[in-house]
>>> print(open('data08.txt').read())   # compact mmCIF, C-alpha atoms
# COMPACT_ATOMS: atom_id res chain seq x y z
CA MET A 1 107.12 145.74 166.57
CA SER A 2 108.93 148.98 165.85
CA ARG A 3 109.08 150.10 162.24
CA GLY A 4 112.58 151.37 162.85
CA LEU A 5 114.11 154.75 163.55
CA VAL A 6 113.67 156.60 160.24
CA ALA A 7 110.55 157.86 158.45
CA TYR A 8 109.26 155.92 155.45
CA ASP A 9 109.68 158.72 152.90
CA ARG A 10 113.25 159.28 154.05
CA LEU A 11 114.03 155.59 153.55
CA ILE A 12 112.73 155.72 149.98
CA ASP A 13 114.88 158.79 149.32
CA VAL A 14 117.87 156.81 150.59
CA VAL A 15 117.12 153.89 148.27
CA GLU A 16 116.97 156.26 145.30
CA ALA A 17 120.09 158.25 146.24
CA GLU A 18 122.23 155.25 147.18
CA ALA A 19 121.29 153.40 143.99
CA GLU A 20 122.53 156.37 142.00
CA ARG A 21 125.75 156.57 144.04
CA LEU A 22 126.35 152.87 143.48
CA ALA A 23 125.72 153.16 139.74
CA ALA A 24 127.95 156.23 139.44
CA SER A 25 130.73 154.51 141.38
CA ALA A 26 130.57 151.51 139.03
CA GLU A 27 130.88 153.65 135.88
CA GLY A 28 133.94 152.67 133.87
CA GLN A 29 135.19 150.21 136.50
CA ARG A 30 136.41 146.69 135.85
CA PRO A 31 133.74 144.31 137.18
CA GLU A 32 136.32 141.82 138.46
CA ARG A 33 137.70 144.28 141.03
CA GLN A 34 137.39 142.67 144.46
CA VAL A 35 135.40 144.03 147.41
CA PRO A 36 138.15 144.29 150.06
CA ALA A 37 136.00 143.26 153.04
CA CYS A 38 134.28 140.35 151.25
CA PRO A 39 136.70 137.80 149.79
CA GLY A 40 135.28 136.24 146.64
CA LEU A 41 132.86 139.11 145.96
CA ASN A 42 133.63 141.53 143.17
CA LEU A 43 132.28 144.85 141.94
CA GLY A 44 130.32 143.38 139.04
CA GLU A 45 128.61 140.73 141.16
CA THR A 46 127.69 143.35 143.73
CA ALA A 47 126.08 145.71 141.21
CA ARG A 48 124.29 142.80 139.54
CA HIS A 49 122.97 141.56 142.89
CA VAL A 50 121.57 144.97 143.80
CA GLY A 51 119.93 145.48 140.41
CA SER A 52 118.45 141.99 140.61
CA THR A 53 117.13 142.61 144.12
CA TYR A 54 115.35 145.78 143.00
CA ARG A 55 113.58 143.80 140.28
CA MET A 56 112.73 140.92 142.57
CA VAL A 57 111.10 143.22 145.15
CA SER A 58 109.23 145.17 142.45
CA THR A 59 107.79 141.90 141.17
CA TRP A 60 106.99 140.76 144.72
CA LEU A 61 105.08 143.97 145.39
CA ARG A 62 103.23 143.79 142.08
CA GLU A 63 102.27 140.11 142.29
CA GLY A 64 101.70 139.87 146.05
CA SER A 65 103.94 136.85 146.58
CA GLN A 66 107.60 135.94 146.37
CA PRO A 67 108.47 135.63 142.68
CA LEU A 68 110.17 132.58 141.23
CA VAL A 69 111.32 134.39 138.08
CA TRP A 70 112.62 137.92 137.51
CA GLN A 71 115.34 139.60 135.47
CA GLN A 72 118.63 138.80 137.17
CA ASP A 73 121.15 140.02 134.59
CA PRO A 74 121.56 143.08 132.36
CA GLU A 75 119.99 143.09 128.93
CA PRO A 76 122.38 142.53 126.01
CA GLY A 77 124.42 145.72 125.65
CA GLN A 78 123.19 147.16 128.95
CA THR A 79 125.94 148.27 131.33
CA LEU A 80 125.85 147.44 135.02
CA PRO A 81 125.20 151.08 136.02
CA GLU A 82 122.30 151.20 133.54
CA TYR A 83 120.99 147.92 134.96
CA VAL A 84 120.99 149.32 138.50
CA ARG A 85 119.31 152.58 137.49
CA ALA A 86 116.66 150.85 135.39
CA GLY A 87 115.86 148.55 138.32
CA VAL A 88 115.49 151.17 141.04
CA ARG A 89 113.10 153.49 139.17
CA PRO A 90 110.04 151.17 139.11
CA LEU A 91 110.78 150.09 142.67
CA VAL A 92 110.66 153.68 143.93
CA ARG A 93 107.48 154.28 141.93
CA ALA A 94 105.93 151.21 143.58
CA LEU A 95 106.82 152.31 147.11
CA ARG A 96 106.08 156.06 147.08
CA PRO A 97 102.26 156.04 146.82
CA HIS A 98 101.91 153.88 149.93
CA GLU A 99 101.80 154.50 153.64
CA PRO A 100 104.41 152.64 155.69
CA ASP A 101 101.82 150.37 157.30
CA ASP A 102 100.09 149.45 154.03
CA PRO A 103 100.18 145.64 153.99
CA CYS A 104 102.23 143.55 151.59
CA GLU A 105 104.07 140.26 151.66
CA THR A 106 107.65 140.20 153.02
CA TRP A 107 110.03 137.58 154.40
CA TRP A 108 109.74 138.87 157.98
CA PRO A 109 106.50 137.77 159.71
CA ALA A 110 106.79 140.63 162.24
CA GLU A 111 106.57 143.30 159.55
CA ARG A 112 104.42 142.56 156.52
CA ASN A 113 104.16 146.08 155.18
CA HIS A 114 105.74 148.52 152.73
CA ASN A 115 107.98 149.99 155.41
CA PHE A 116 109.83 146.68 155.63
CA TRP A 117 110.87 146.89 151.99
CA ALA A 118 111.78 150.59 152.12
CA ARG A 119 113.99 149.98 155.15
CA ARG A 120 115.53 146.74 153.89
CA LEU A 121 116.39 148.22 150.51
CA ALA A 122 117.74 151.44 152.00
CA HIS A 123 120.35 149.39 153.85
CA GLU A 124 120.91 146.93 151.01
CA SER A 125 121.68 149.88 148.75
CA THR A 126 123.85 151.69 151.29
CA VAL A 127 126.01 148.74 152.32
CA HIS A 128 126.59 147.63 148.73
CA ARG A 129 127.28 151.19 147.56
CA MET A 130 130.12 151.24 150.07
CA ASP A 131 131.28 147.86 148.73
CA VAL A 132 131.36 149.14 145.15
CA GLN A 133 133.25 152.28 146.16
CA ALA A 134 135.79 150.25 148.11
CA ALA A 135 136.25 147.83 145.20
CA ALA A 136 136.72 150.74 142.80
CA GLY A 137 139.36 152.31 145.03
CA LEU A 138 137.17 155.37 145.60
CA PRO A 139 136.64 157.21 148.88
CA VAL A 140 133.73 155.67 150.78
CA ASP A 141 131.06 158.34 151.09
CA PRO A 142 129.76 158.90 154.63
CA VAL A 143 126.43 157.58 155.85
CA ASP A 144 124.19 160.03 157.70
CA ASP A 145 123.97 159.28 161.41
CA ASP A 146 120.22 158.65 161.40
CA ILE A 147 120.53 156.11 158.59
CA ALA A 148 123.54 154.39 160.16
CA GLU A 149 121.75 154.13 163.53
CA ASP A 150 118.69 152.69 161.83
CA GLY A 151 120.99 150.23 160.07
CA VAL A 152 122.45 149.16 163.41
CA ASP A 153 118.93 148.58 164.69
CA GLU A 154 117.96 146.63 161.56
CA ILE A 155 120.89 144.24 161.56
CA LEU A 156 120.45 143.51 165.26
CA THR A 157 116.68 143.02 165.23
CA LEU A 158 116.10 141.54 161.77
CA TRP A 159 119.27 139.63 160.97
CA LEU A 160 120.54 138.64 164.41
CA GLY A 161 117.13 138.46 166.05
CA HIS A 162 115.21 136.75 163.22
CA ARG A 163 117.34 135.48 160.34
CA LEU A 164 119.76 133.66 162.63
CA ASP A 165 116.86 131.88 164.32
CA ILE A 166 115.46 130.78 160.94
CA LEU A 167 118.86 129.22 160.22
CA GLY A 168 118.73 127.43 163.57
CA VAL A 169 122.15 128.75 164.57
CA ARG A 170 123.08 129.34 168.22
CA GLY A 171 126.07 130.43 170.23
CA THR A 172 127.94 128.15 172.61
CA ARG A 173 127.57 130.19 175.80
CA GLU A 174 125.42 133.11 176.87
CA GLY A 175 127.00 136.52 176.45
CA THR A 176 125.63 140.05 176.39
CA VAL A 177 127.15 142.90 174.43
CA ALA A 178 126.26 146.59 174.68
CA ILE A 179 126.55 148.27 171.28
CA ARG A 180 126.82 152.06 171.37
CA ALA A 181 126.34 154.20 168.28
CA GLY A 182 125.66 157.90 168.57
CA GLU A 183 123.24 158.56 171.41
CA ARG A 184 121.73 155.06 171.33
CA VAL A 185 122.70 151.77 172.92
CA TRP A 186 121.50 148.26 172.12
CA LEU A 187 121.90 145.10 174.18
CA ALA A 188 122.52 141.91 172.18
CA THR A 189 122.30 138.52 173.90
CA THR A 190 123.66 135.43 172.19
CA GLY A 191 124.16 131.87 173.38
CA PRO A 192 122.36 128.50 173.39
CA ASP A 193 118.96 130.26 173.26
CA PRO A 194 117.77 132.32 170.25
CA ALA A 195 119.68 135.59 169.92
CA VAL A 196 117.84 138.77 170.87
CA ALA A 197 118.73 142.46 170.66
CA ARG A 198 116.91 145.63 171.64
CA LEU A 199 117.39 149.29 172.41
CA VAL A 200 118.03 149.74 176.13
CA THR A 201 118.64 152.37 178.78
CA GLU A 202 122.07 153.19 180.17
CA GLU A 203 121.21 151.27 183.32
CA GLU A 204 120.34 148.12 181.36
CA ALA A 205 123.47 148.47 179.22
CA GLY A 206 125.62 148.57 182.34
CA ALA A 207 124.97 144.86 182.96
CA ALA A 208 126.52 143.80 179.63
CA ASN A 209 129.51 141.46 179.56
CA GLY A 210 131.23 143.41 176.78
CA GLU A 211 130.89 146.71 174.96
CA VAL A 212 131.37 147.90 171.40
CA ILE A 213 131.39 151.65 170.76
CA GLY A 214 131.95 153.89 167.74
CA THR A 215 130.40 156.49 165.51
CA PRO A 216 127.12 155.36 163.91
CA MET A 217 128.86 154.71 160.59
CA GLN A 218 131.71 152.78 162.23
CA VAL A 219 129.35 150.53 164.16
CA TYR A 220 127.09 150.06 161.12
CA ARG A 221 130.02 148.94 158.98
CA TRP A 222 131.47 146.76 161.75
CA LEU A 223 128.22 144.90 162.30
CA TRP A 224 128.01 144.22 158.56
CA GLY A 225 131.58 142.89 158.58
CA ARG A 226 132.95 145.74 156.46
CA ILE A 227 135.57 146.97 158.91
CA PRO A 228 137.66 145.04 161.48
CA ASP A 229 137.81 145.58 165.22
CA ARG A 230 140.94 147.71 164.85
CA ASP A 231 138.93 150.38 163.00
CA LEU A 232 136.74 150.90 166.08
CA PRO A 233 137.69 152.41 169.40
CA PRO A 234 138.98 149.56 171.62
CA THR A 235 136.24 147.15 172.72
CA THR A 236 135.95 146.47 176.44
CA GLY A 237 134.85 143.65 178.70
CA ASP A 238 134.29 140.05 177.58
CA HIS A 239 136.00 139.75 174.22
CA ASP A 240 134.69 136.20 173.76
CA ALA A 241 131.10 137.50 173.94
CA ILE A 242 131.95 140.15 171.34
CA ALA A 243 133.64 137.56 169.12
CA GLN A 244 130.60 135.29 169.37
CA LEU A 245 128.29 138.15 168.34
CA TRP A 246 130.58 138.93 165.39
CA ALA A 247 130.71 135.29 164.25
CA LEU A 248 126.93 134.83 164.49
CA LEU A 249 126.32 138.00 162.49
CA ARG A 250 128.60 136.68 159.74
CA LEU A 251 126.40 133.58 159.51
CA ALA A 252 123.14 135.57 159.70
CA THR A 253 124.15 137.96 156.89
CA LYS A 254 125.91 135.42 154.67
>>> encode(input="data08.txt", output="C-alpha cells")
Amino acid sequence: MSRGLVAYDRLIDVVEAEAERLAASAEGQRPERQVPACPGLNLGETARHVGSTYRMVSTWLREGSQPLVWQQDPEPGQTLPEYVRAGVRPLVRALRPHEPDDPCETWWPAERNHNFWARRLAHESTVHRMDVQAAAGLPVDPVDDDIAEDGVDEILTLWLGHRLDILGVRGTREGTVAIRAGERVWLATTGPDPAVARLVTEEEAGAANGEVIGTPMQVYRWLWGRIPDRDLPPTTGDHDAIAQLWALLRLATK
C-alpha cells in the first residue's frame, strides 16, 4: 500500500504550519460564525475539534491504543487559538523522531505506521484551516499543489476506498469517474460493490463514464465538499456517476 505522494517530514511541517494558520485565523473571531460549506458547523466547533484531535492522536501514540479519554475542550481561560497551539506542539514532537514506517496503531489496517498519522493530520489541519478562514470572512490561503494532490489521493483511497466500506454504504449502479488534478489522474469506481479508487494512466482514464477536472486545490476542496460543481471547470460525461461519487463522499467524510 502506497504511503502517499508526499514525504513524511514534509507532512509534519504541514501539520505544524497549518495549525498555526488555523489558530491565527481564529484570533479575535466570534466562535459562532458559520462555516459556509458546512451547515451547522461553526468556527469555534471547528477549532475545538482540531485541537481535540491533536490531543487524541498524541495520547494514542503515547499509549499504543485508541484512547477513551483525552482533553476535548480548552482549559478555563484558555482561548481557542491557544488550545490549538498547545495541542499541536506535543503531537509534532511525538512524530518527528520517527521514520514513516515505524509501526504504531491507527484506524486504517492497511497503514499502521507513523506516516498514516502525519498524512491524516496534515489534511485534517489543512481542510479545517480553510473552514476557519472561510467562517471568519478571510481570504482562503492557497494549498501547495503537492499537498493538494496528496489530499486528493488520501480522500479517494482512505475515505472512499476504506471508510465507506466500513460504513457498509454502496452506490445504486456502477459508475466510473476520472478525477484529474495537476498532472495526475485517478479512477474512482462506485456502485453495488465496494468503492475503489487508484491512480491510473491516461489510457485507463479514457474508459471512465464521467470526468472531473480542476487545479489540485479546486479538486481537493471539491472532493471534501467545500466548493460546489460550479467552482470547477465543467464536468463531462455521465453526470449521474459524478453525482453518486459526490454523495458517497459526503457520507464517507461525515
>>> closest_residue(input="data08.txt", among="A:Thr215, A:Ser65, A:Thr53, A:Gln244", to="Leu232 in chain A", atoms="all atoms listed in the file")
A:Thr215
>>> closest_residue(input="data08.txt", among="A:Gly237, A:Pro103, A:Val127, A:Arg230", to="Ala148 in chain A", atoms="all atoms listed in the file")
A:Val127
>>> closest_residue(input="data08.txt", among="A:Thr189, A:Gln133, A:Asn113, A:Gln218", to="Gln29 in chain A", atoms="only C-alpha atoms")
A:Gln133
>>> closest_atom_pairs(input="data08.txt", of="range 143-219 of chain A", to="range 250-254 of chain A", cutoff="9 Å", atoms="all atoms listed in the file", output="Markdown table")
| residue | atom | partner | partner_atom | distance |
| --- | --- | --- | --- | --- |
| A:Ile155 | CA | A:Thr253 | CA | 8.5 |
| A:Trp159 | CA | A:Ala252 | CA | 5.8 |
| A:Leu160 | CA | A:Ala252 | CA | 6.2 |
| A:His162 | CA | A:Ala252 | CA | 8.8 |
| A:Arg163 | CA | A:Ala252 | CA | 5.8 |
| A:Leu164 | CA | A:Ala252 | CA | 4.9 |
| A:Asp165 | CA | A:Ala252 | CA | 8.6 |
| A:Leu167 | CA | A:Ala252 | CA | 7.7 |
| A:Val169 | CA | A:Leu251 | CA | 8.2 |
>>> closest_residue(input="data08.txt", among="A:Ile12, A:Ile166, A:Val196, A:Leu41", to="Pro109 in chain A", atoms="only C-alpha atoms")
A:Ile166
